[in-house]
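> Provided herewith is a single structure, encoded as structure tokens, for subsequent inquiry.
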Amino acid sequence: MSTGQTLDLLRDYESRNVTFIEPDGSWPIVWKRAKGTHVWDAEGKKYLDLTAAFGVAAAGHANPRVIRAGQKQMGTLLHAMGDVHPHALKGQLARELSRITFERWEEHTTSSIKRLSRERQIPLTGPSPRRKGRSPQTGKTIFCNSGSEAVEAALKTARLASGKPGVIAFAGAYHGLGYGALNATHRDHFRAPFRNQLREFGHFLPFPTRPAEVDSVAEAIRDVLSRKPIGAILVEPVQVRGGINIPPEGFLPMLRSLCDDHGALLILDEIYTGFGRTGRWFACEHAAVAPDLICLGKALTGGFPLSACVGRAQLMDAAWPPSDGEAIHTSTFLGHPVGCAMALAQIKEIETRKLVARSAELGRFLLKLIESEISHSKLQIVARGQGLLTGLDLRLSNGSPATATALKAIKTMLHRGFILLPEGEHSNVISLTPPLTISKNELRGAVTALREILTS
């Protein structure tokens, strides 16, 4: 089926609010297959994917080991029964998520926390040092299907644990579009049409991007905590859809400290930033801060709809009562066996191929390359990133967003064989979130093409 035929079907039978189709046919392409760092469209044209399909394909598209795990599971057990009759892989993946989050943080980051505390003179935060004979800190998981659902599971956990309905979130935040998560997603584009159906328990405060802003944000948080029944602070360690916004290094430690002082839970939305995207397993590790709850998705399986809310075991047990045969939070496809099989293979692939360290190395290379190669006489271009999560912020000489230029560059890059996405409220940030398996030569070719397009 050709691109035109597929787009005609979508025009006729899909809600018109879903797929944006340019009248001249220049956008979108129709994907036919993907492998490694590349995508082929319906006409057979090859593209370098600099999005990893929203960050999902961290270990490469159609990673052979991940695909084999999914295929084998499909031939054995395609579906189980959510919260009723479990399957073995659900337990194995829950254990694995505990290992790479709370258990790993307790065992391996305590020394880093102490070192950072000394170097930066920030308060000691996160898990306490392990005592002899003490069981390691563990995590417990609620499996979900999408990132939005994982956020909503975290919000429910915070409500049960704290007894307080309020949540502090931040300007620019994107936590999904379900009716629960939408209360904490900031952009009015998503919230305004449904505001009269929302509880609106979210309290939005500025997201700092400069060290000088941290103290004023802390003061604003203290003010809300003193006036409102706040059960949690929900934050992305790096705002991706908000425009690749990276907070100052003192921001997460400050949030951890305020949550501890006021009895609120710290929820980190690492749906986009998790599994090596920022050059650490999880972006919170850059600040050596452990959350109470972490939301995971996207790269978890490499391509199957599965997400997770992982919380400290003691917290989860205190918040959620034992099941009496009827769970109060579940879904038909909870902990889907194919997704669990693929997630286990994906985690092993990321570890075996050392893709987290690779992301850190290539991220440094990419930032230096962009800074040396890309400039413009009439535009302000600022590159920022952590690991292979990089953004080019394009602005006009007066500081206003260069939206038209960014979108035109992205469309022109598509025609030259490179897939990119815009981020930020004004779509003026060109984001690069390629598979962690991408090569330096591929990055170099992309930056060269982008330089030629922007300068022309």
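We label chains A, B, ... in the order they appear in the structure tokens, count residues from 1 in each chain, and number ligands from 1 in the order shown.
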Which polymer residues have any atom within 6 Å of an atom of A:His38, counting only C-alpha atoms, with same-chain residues fewer than 4 positions away left out, as JSON, numbers by chain?

{"A": [34, 47, 48, 49]}

> Neighbours of A:Gly231 within 10 Å (only C-alpha atoms; same-chain residues fewer than 5 positions away dropped), as a compact mmCIF listing (two decimals) with all heavy atoms, in the first residue's frame?


# COMPACT_ATOMS: atom_id res chain seq x y z
N LEU A 155 0.15 8.80 41.12
CA LEU A 155 -0.71 9.79 41.78
C LEU A 155 -1.67 9.11 42.76
O LEU A 155 -1.92 9.62 43.86
CB LEU A 155 -1.50 10.58 40.74
CG LEU A 155 -0.68 11.48 39.81
CD1 LEU A 155 -1.57 12.09 38.75
CD2 LEU A 155 0.04 12.58 40.60
N THR A 157 -1.07 6.29 44.29
CA THR A 157 -0.23 5.83 45.41
C THR A 157 0.02 6.97 46.39
O THR A 157 -0.09 6.80 47.61
CB THR A 157 1.11 5.27 44.91
OG1 THR A 157 0.86 4.21 43.98
CG2 THR A 157 1.96 4.76 46.05
N ALA A 158 0.33 8.14 45.85
CA ALA A 158 0.59 9.30 46.71
C ALA A 158 -0.66 9.69 47.49
O ALA A 158 -0.56 10.05 48.68
CB ALA A 158 1.07 10.47 45.86
N ARG A 159 -1.80 9.63 46.84
CA ARG A 159 -3.05 9.97 47.54
C ARG A 159 -3.33 9.00 48.67
O ARG A 159 -3.69 9.41 49.79
CB ARG A 159 -4.21 9.96 46.53
CG ARG A 159 -5.60 10.18 47.15
CD ARG A 159 -5.69 11.57 47.78
NE ARG A 159 -7.00 11.79 48.37
CZ ARG A 159 -7.35 11.43 49.60
NH1 ARG A 159 -6.47 10.77 50.37
NH2 ARG A 159 -8.55 11.70 50.07
N LEU A 160 -3.15 7.71 48.43
CA LEU A 160 -3.39 6.71 49.47
C LEU A 160 -2.38 6.83 50.60
O LEU A 160 -2.73 6.70 51.78
CB LEU A 160 -3.32 5.30 48.86
CG LEU A 160 -4.46 4.91 47.92
CD1 LEU A 160 -4.17 3.56 47.29
CD2 LEU A 160 -5.80 4.88 48.65
N ALA A 161 -1.11 7.07 50.26
CA ALA A 161 -0.06 7.09 51.27
C ALA A 161 -0.12 8.34 52.13
O ALA A 161 0.13 8.29 53.34
CB ALA A 161 1.31 6.98 50.60
N SER A 162 -0.43 9.48 51.53
CA SER A 162 -0.37 10.75 52.26
C SER A 162 -1.72 11.21 52.79
O SER A 162 -1.78 12.02 53.72
CB SER A 162 0.21 11.84 51.34
OG SER A 162 -0.71 12.15 50.31
N GLY A 163 -2.78 10.76 52.16
CA GLY A 163 -4.11 11.26 52.51
C GLY A 163 -4.38 12.65 51.99
O GLY A 163 -5.41 13.25 52.31
N LYS A 164 -3.47 13.18 51.15
CA LYS A 164 -3.61 14.55 50.65
C LYS A 164 -3.78 14.52 49.13
O LYS A 164 -3.03 13.85 48.43
CB LYS A 164 -2.38 15.37 51.02
CG LYS A 164 -2.11 15.44 52.52
CD LYS A 164 -0.77 16.12 52.80
CE LYS A 164 -0.43 16.10 54.28
NZ LYS A 164 0.90 16.68 54.56
N PRO A 165 -4.74 15.27 48.61
CA PRO A 165 -5.02 15.19 47.17
C PRO A 165 -4.13 16.04 46.28
O PRO A 165 -4.00 15.78 45.09
CB PRO A 165 -6.47 15.69 47.09
CG PRO A 165 -6.58 16.65 48.23
CD PRO A 165 -5.72 16.09 49.33
N GLY A 166 -3.53 17.10 46.83
CA GLY A 166 -2.81 18.06 46.00
C GLY A 166 -1.48 17.54 45.48
O GLY A 166 -0.81 16.73 46.13
N VAL A 167 -1.11 18.04 44.30
CA VAL A 167 0.17 17.68 43.67
C VAL A 167 0.81 18.95 43.12
O VAL A 167 0.13 19.75 42.47
CB VAL A 167 -0.03 16.67 42.52
CG1 VAL A 167 1.27 16.42 41.79
CG2 VAL A 167 -0.60 15.36 43.06
N ILE A 168 2.08 19.13 43.40
CA ILE A 168 2.83 20.23 42.80
C ILE A 168 3.48 19.70 41.52
O ILE A 168 4.16 18.67 41.53
CB ILE A 168 3.91 20.78 43.76
CG1 ILE A 168 3.24 21.53 44.92
CG2 ILE A 168 4.88 21.69 43.03
CD1 ILE A 168 4.20 22.01 45.98
N LEU A 225 3.08 24.40 49.96
CA LEU A 225 3.04 23.34 50.96
C LEU A 225 2.42 23.82 52.27
O LEU A 225 1.76 23.05 52.98
CB LEU A 225 4.45 22.80 51.22
CG LEU A 225 5.06 21.95 50.11
CD1 LEU A 225 6.56 21.72 50.37
CD2 LEU A 225 4.35 20.60 49.98
N CYS A 259 10.32 17.57 50.22
CA CYS A 259 9.38 16.45 50.40
C CYS A 259 9.60 15.79 51.76
O CYS A 259 8.64 15.46 52.47
CB CYS A 259 9.56 15.44 49.27
SG CYS A 259 8.84 15.94 47.69
N HIS A 262 8.24 18.02 54.61
CA HIS A 262 6.80 18.29 54.65
C HIS A 262 5.94 17.04 54.48
O HIS A 262 4.71 17.15 54.37
CB HIS A 262 6.43 19.32 53.59
CG HIS A 262 6.99 20.68 53.85
ND1 HIS A 262 6.31 21.65 54.55
CD2 HIS A 262 8.19 21.23 53.53
CE1 HIS A 262 7.05 22.75 54.63
NE2 HIS A 262 8.20 22.52 54.02
N GLY A 263 6.55 15.87 54.48
CA GLY A 263 5.78 14.64 54.39
C GLY A 263 5.10 14.42 53.06
O GLY A 263 4.05 13.77 52.97
N ALA A 264 5.69 14.95 51.99
CA ALA A 264 5.18 14.72 50.64
C ALA A 264 6.05 13.69 49.93
O ALA A 264 7.20 13.46 50.33
CB ALA A 264 5.15 16.02 49.85
N LEU A 265 5.51 13.08 48.89
CA LEU A 265 6.26 12.09 48.12
C LEU A 265 6.89 12.74 46.90
O LEU A 265 6.28 13.62 46.27
CB LEU A 265 5.35 10.95 47.67
CG LEU A 265 4.63 10.17 48.77
CD1 LEU A 265 3.85 9.01 48.16
CD2 LEU A 265 5.61 9.66 49.80
N LEU A 266 8.08 12.32 46.56
CA LEU A 266 8.75 12.79 45.35
C LEU A 266 8.53 11.75 44.25
O LEU A 266 9.00 10.62 44.34
CB LEU A 266 10.24 13.00 45.59
CG LEU A 266 11.04 13.48 44.36
CD1 LEU A 266 10.52 14.82 43.85
CD2 LEU A 266 12.54 13.59 44.72

> Do you know which residues are at most 12 Å from A:Asn245 counting only C-alpha atoms, after dropping those on the same chain fewer than 2 positions away, and could you put them as a ChimeraX atom specification?

/A:170-174,206-210,235-243,247-248,273,382-386,389-393,423-425,429,431

> So which residues touch A:Gln92 within 10 Å, counting only C-alpha atoms, skipping near sequence neighbours fewer than 5 positions away, as a PyMOL selection string?

chain A and resi 87+97-98+340-341+344

> Write out the residues from the selection above, keeping N, CA and C atoms, as a short mmCIF file (atom, residue, chain, number, x, y, z; two decimals), in the first residue's frame.


data_model
loop_
_atom_site.label_atom_id
_atom_site.label_comp_id
_atom_site.auth_asym_id
_atom_site.auth_seq_id
_atom_site.Cartn_x
_atom_site.Cartn_y
_atom_site.Cartn_z
N HIS A 87 1.53 -14.74 35.47
CA HIS A 87 2.50 -15.57 34.75
C HIS A 87 3.89 -15.26 35.32
N LEU A 97 13.02 -4.75 37.92
CA LEU A 97 12.84 -3.30 38.08
C LEU A 97 13.25 -2.85 39.47
N SER A 98 13.01 -3.68 40.47
CA SER A 98 13.49 -3.37 41.82
C SER A 98 15.02 -3.33 41.84
N CYS A 340 6.46 -8.17 29.08
CA CYS A 340 7.42 -8.53 30.13
C CYS A 340 8.62 -9.25 29.54
N ALA A 341 8.39 -10.17 28.60
CA ALA A 341 9.49 -10.89 27.96
C ALA A 341 10.41 -9.92 27.23
N LEU A 344 12.47 -7.69 29.76
CA LEU A 344 13.61 -8.41 30.34
C LEU A 344 14.76 -8.49 29.35
#

> Report the distance between atom CA of A:Ile419 and atom CA of A:Ala345 in Å, rounded to one decimal place.

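Going from atom CA of A:Ile419 over to atom CA of A:Ala345 covers 26.3 Å.
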
> From the list A:Leu177, A:Lys72, A:Lys45, A:Ala288, which residue is nearest A:Pro193 when using only C-alpha atoms?

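Once distances to A:Pro193 are computed over only C-alpha atoms, the minimum belongs to A:Leu177.
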
> Would you list the contacts of A:Leu414 as a PyMOL selection string, taking every protein, DNA or RNA residue within 10 Å and counting only C-alpha atoms, but skipping same-chain residues closer than 3 positions in sequence?

chain A and resi 26-29+47-49+408-411+417-421

> Give me every helix (DSSP H, G or I) residue in stretch 194-432 of chain A, going by DSSP on the backbone, as a ChimeraX atom specification.

/A:194-197,211-227,251-262,283-286,298-300,313-319,337-352,355-373,403-415

> Give me, as a PDB file with all heavy atoms, in the first residue's frame, all polymer residues having an atom no more than 8 Å from A:Val447, counting only C-alpha atoms and skipping those fewer than 4 positions away in the same chain.


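What landed in selection_0.pdb:
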ATOM      1  N   LEU A 369      29.978  18.645  18.718  1.00  0.00           N
ATOM      2  CA  LEU A 369      29.851  18.729  17.263  1.00  0.00           C
ATOM      3  C   LEU A 369      28.877  19.828  16.864  1.00  0.00           C
ATOM      4  O   LEU A 369      29.154  20.646  15.973  1.00  0.00           O
ATOM      5  CB  LEU A 369      29.385  17.377  16.729  1.00  0.00           C
ATOM      6  CG  LEU A 369      29.368  17.189  15.214  1.00  0.00           C
ATOM      7  CD1 LEU A 369      30.777  17.278  14.647  1.00  0.00           C
ATOM      8  CD2 LEU A 369      28.728  15.852  14.858  1.00  0.00           C
ATOM      9  N   ILE A 370      27.731  19.875  17.531  1.00  0.00           N
ATOM     10  CA  ILE A 370      26.738  20.900  17.225  1.00  0.00           C
ATOM     11  C   ILE A 370      27.294  22.285  17.506  1.00  0.00           C
ATOM     12  O   ILE A 370      27.144  23.223  16.695  1.00  0.00           O
ATOM     13  CB  ILE A 370      25.451  20.657  18.031  1.00  0.00           C
ATOM     14  CG1 ILE A 370      24.727  19.412  17.526  1.00  0.00           C
ATOM     15  CG2 ILE A 370      24.527  21.871  17.963  1.00  0.00           C
ATOM     16  CD1 ILE A 370      23.579  18.975  18.406  1.00  0.00           C
ATOM     17  N   GLU A 373      29.785  23.191  14.794  1.00  0.00           N
ATOM     18  CA  GLU A 373      29.354  23.160  13.399  1.00  0.00           C
ATOM     19  C   GLU A 373      28.185  24.092  13.088  1.00  0.00           C
ATOM     20  O   GLU A 373      28.066  24.581  11.963  1.00  0.00           O
ATOM     21  CB  GLU A 373      28.960  21.726  13.014  1.00  0.00           C
ATOM     22  CG  GLU A 373      30.107  20.741  12.976  1.00  0.00           C
ATOM     23  CD  GLU A 373      31.007  20.940  11.771  1.00  0.00           C
ATOM     24  OE1 GLU A 373      30.491  21.264  10.686  1.00  0.00           O
ATOM     25  OE2 GLU A 373      32.230  20.797  11.922  1.00  0.00           O
ATOM     26  N   ILE A 374      27.300  24.297  14.050  1.00  0.00           N
ATOM     27  CA  ILE A 374      26.045  24.991  13.735  1.00  0.00           C
ATOM     28  C   ILE A 374      26.009  26.384  14.360  1.00  0.00           C
ATOM     29  O   ILE A 374      26.117  26.539  15.578  1.00  0.00           O
ATOM     30  CB  ILE A 374      24.835  24.172  14.205  1.00  0.00           C
ATOM     31  CG1 ILE A 374      24.766  22.855  13.419  1.00  0.00           C
ATOM     32  CG2 ILE A 374      23.535  24.958  14.008  1.00  0.00           C
ATOM     33  CD1 ILE A 374      23.592  21.977  13.788  1.00  0.00           C
ATOM     34  N   LEU A 443      25.803  10.403  13.422  1.00  0.00           N
ATOM     35  CA  LEU A 443      25.554  11.698  14.064  1.00  0.00           C
ATOM     36  C   LEU A 443      26.212  12.828  13.285  1.00  0.00           C
ATOM     37  O   LEU A 443      25.617  13.898  13.094  1.00  0.00           O
ATOM     38  CB  LEU A 443      26.074  11.670  15.506  1.00  0.00           C
ATOM     39  CG  LEU A 443      25.293  10.817  16.500  1.00  0.00           C
ATOM     40  CD1 LEU A 443      26.021  10.754  17.833  1.00  0.00           C
ATOM     41  CD2 LEU A 443      23.881  11.355  16.706  1.00  0.00           C
ATOM     42  N   ARG A 451      23.191  21.590   9.543  1.00  0.00           N
ATOM     43  CA  ARG A 451      23.926  22.845   9.361  1.00  0.00           C
ATOM     44  C   ARG A 451      23.644  23.429   7.982  1.00  0.00           C
ATOM     45  O   ARG A 451      23.376  24.634   7.839  1.00  0.00           O
ATOM     46  CB  ARG A 451      25.427  22.589   9.519  1.00  0.00           C
ATOM     47  CG  ARG A 451      26.296  23.847   9.348  1.00  0.00           C
ATOM     48  CD  ARG A 451      27.732  23.474   9.115  1.00  0.00           C
ATOM     49  NE  ARG A 451      27.895  22.799   7.846  1.00  0.00           N
ATOM     50  CZ  ARG A 451      28.860  21.950   7.562  1.00  0.00           C
ATOM     51  NH1 ARG A 451      29.758  21.620   8.460  1.00  0.00           N
ATOM     52  NH2 ARG A 451      28.942  21.391   6.343  1.00  0.00           N
TER      53      ARG A 451
END

> Apply DSSP to the structure's backbone, then extract all residues of stretch 229-366 of chain A labelled strand (DSSP E or B) and return them as a list in words.

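Restricting stretch 229-366 of chain A to strand (DSSP E or B) produces Ile230, Gly231, Ala232, Ile233, Leu234, Val235, Gln239, Asn245, Leu265, Leu266, Ile267, Leu268, Asp269, Leu293, Ile294, Cys295, Leu296, Ser307, Ala308, Cys309, Val310, Gly311 and Arg312 of chain A.
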
> Between atom CA of A:Thr448 and atom CA of A:Leu436, what distance in Å does the model show, to one decimal?

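Computed distance, atom CA of A:Thr448 to atom CA of A:Leu436, equals 19.5 Å.
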
> Compile the contact shell of A:Leu268 as a VMD selection string: residues with an atom at most 10 Å away, counting only C-alpha atoms, same-chain residues fewer than 6 positions apart removed.

chain A and resid 151 154 233 to 238 252 282 to 284 290 to 296 309

> Can I get the selected residues back with N, CA and C atoms, as a CSV table (one decimal), in the first residue's frame?


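Just written: again-v2.csv:
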chain,number,residue,atom,x,y,z
A,151,VAL,N,1.9,7.3,35.4
A,151,VAL,CA,1.8,8.5,36.2
A,151,VAL,C,0.5,8.5,37.1
A,154,ALA,N,1.0,6.4,40.1
A,154,ALA,CA,1.8,7.1,41.1
A,154,ALA,C,1.0,8.1,41.8
A,233,ILE,N,5.1,15.9,45.0
A,233,ILE,CA,5.7,16.7,44.0
A,233,ILE,C,6.1,15.8,42.8
A,234,LEU,N,5.5,16.1,41.6
A,234,LEU,CA,5.7,15.3,40.4
A,234,LEU,C,6.6,16.1,39.4
A,235,VAL,N,7.7,15.5,38.9
A,235,VAL,CA,8.6,16.3,38.1
A,235,VAL,C,9.3,15.4,37.1
A,236,GLU,N,9.6,15.9,36.0
A,236,GLU,CA,10.5,15.2,35.0
A,236,GLU,C,11.9,15.7,35.3
A,237,PRO,N,12.9,14.8,35.5
A,237,PRO,CA,14.3,15.3,35.8
A,237,PRO,C,14.8,16.1,34.6
A,238,VAL,N,14.4,15.9,33.4
A,238,VAL,CA,14.6,16.7,32.3
A,238,VAL,C,13.3,16.8,31.5
A,252,LEU,N,16.8,18.9,42.0
A,252,LEU,CA,16.2,17.7,42.5
A,252,LEU,C,16.6,17.5,44.0
A,282,PHE,N,19.1,6.3,34.9
A,282,PHE,CA,18.0,7.1,35.2
A,282,PHE,C,18.5,8.5,35.4
A,283,ALA,N,17.8,9.5,34.9
A,283,ALA,CA,18.3,10.9,34.9
A,283,ALA,C,18.5,11.4,36.3
A,284,CYS,N,17.7,10.9,37.3
A,284,CYS,CA,17.9,11.4,38.7
A,284,CYS,C,19.3,11.1,39.2
A,290,ALA,N,17.3,9.9,45.0
A,290,ALA,CA,16.4,8.7,44.8
A,290,ALA,C,14.9,9.2,45.1
A,291,PRO,N,14.0,8.9,44.2
A,291,PRO,CA,12.6,9.3,44.4
A,291,PRO,C,11.9,8.3,45.4
A,292,ASP,N,10.7,8.6,45.7
A,292,ASP,CA,9.8,7.7,46.4
A,292,ASP,C,9.1,6.8,45.4
A,293,LEU,N,8.8,7.4,44.2
A,293,LEU,CA,8.1,6.7,43.1
A,293,LEU,C,8.7,7.1,41.8
A,294,ILE,N,8.9,6.1,40.9
A,294,ILE,CA,9.5,6.4,39.6
A,294,ILE,C,8.5,5.8,38.5
A,295,CYS,N,8.2,6.6,37.5
A,295,CYS,CA,7.4,6.2,36.4
A,295,CYS,C,8.2,5.9,35.2
A,296,LEU,N,8.0,4.7,34.6
A,296,LEU,CA,8.9,4.2,33.5
A,296,LEU,C,8.0,3.7,32.4
A,309,CYS,N,4.9,1.8,37.3
A,309,CYS,CA,5.2,2.7,38.5
A,309,CYS,C,5.9,1.9,39.5

> Between atom CA of A:Leu306 and atom CA of A:Phe143, what is the spacing in Å?

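The value is 7.3 Å.
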
> Kindly indicate which residue among A:Glu285, A:Glu200, A:Asp324, A:Glu442 lies nearest to A:Leu366, using only C-alpha atoms for the distances.

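Selected residue with least distance to A:Leu366: A:Glu442.
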
> Choose the residue, out of A:Arg353, A:Arg280, A:Lys35, A:Arg68, that has the smallest atom-to-atom separation from A:Trp105; count only C-alpha atoms.

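Residue with the minimum atom-to-atom distance to A:Trp105: A:Arg280.
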
> Smallest atom-to-atom distance to A:Gly279: which of A:Arg11, A:Leu362, A:Thr301, A:Ala184, using only C-alpha atoms?

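The answer is A:Leu362, which sits nearest to A:Gly279.
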
> Nearest residue to A:Thr76 out of A:Val39, A:Leu300, A:Val338, A:Leu198, using only C-alpha atoms?

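Nearest candidate to A:Thr76 out of A:Val39, A:Leu300, A:Val338, A:Leu198: A:Val338.
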
> Can you work out which one of A:Leu255, A:Ile244, A:Ala150, A:Val310 has the shortest atom-to-atom distance to A:Gly387, counting only C-alpha atoms?

A:Ile244
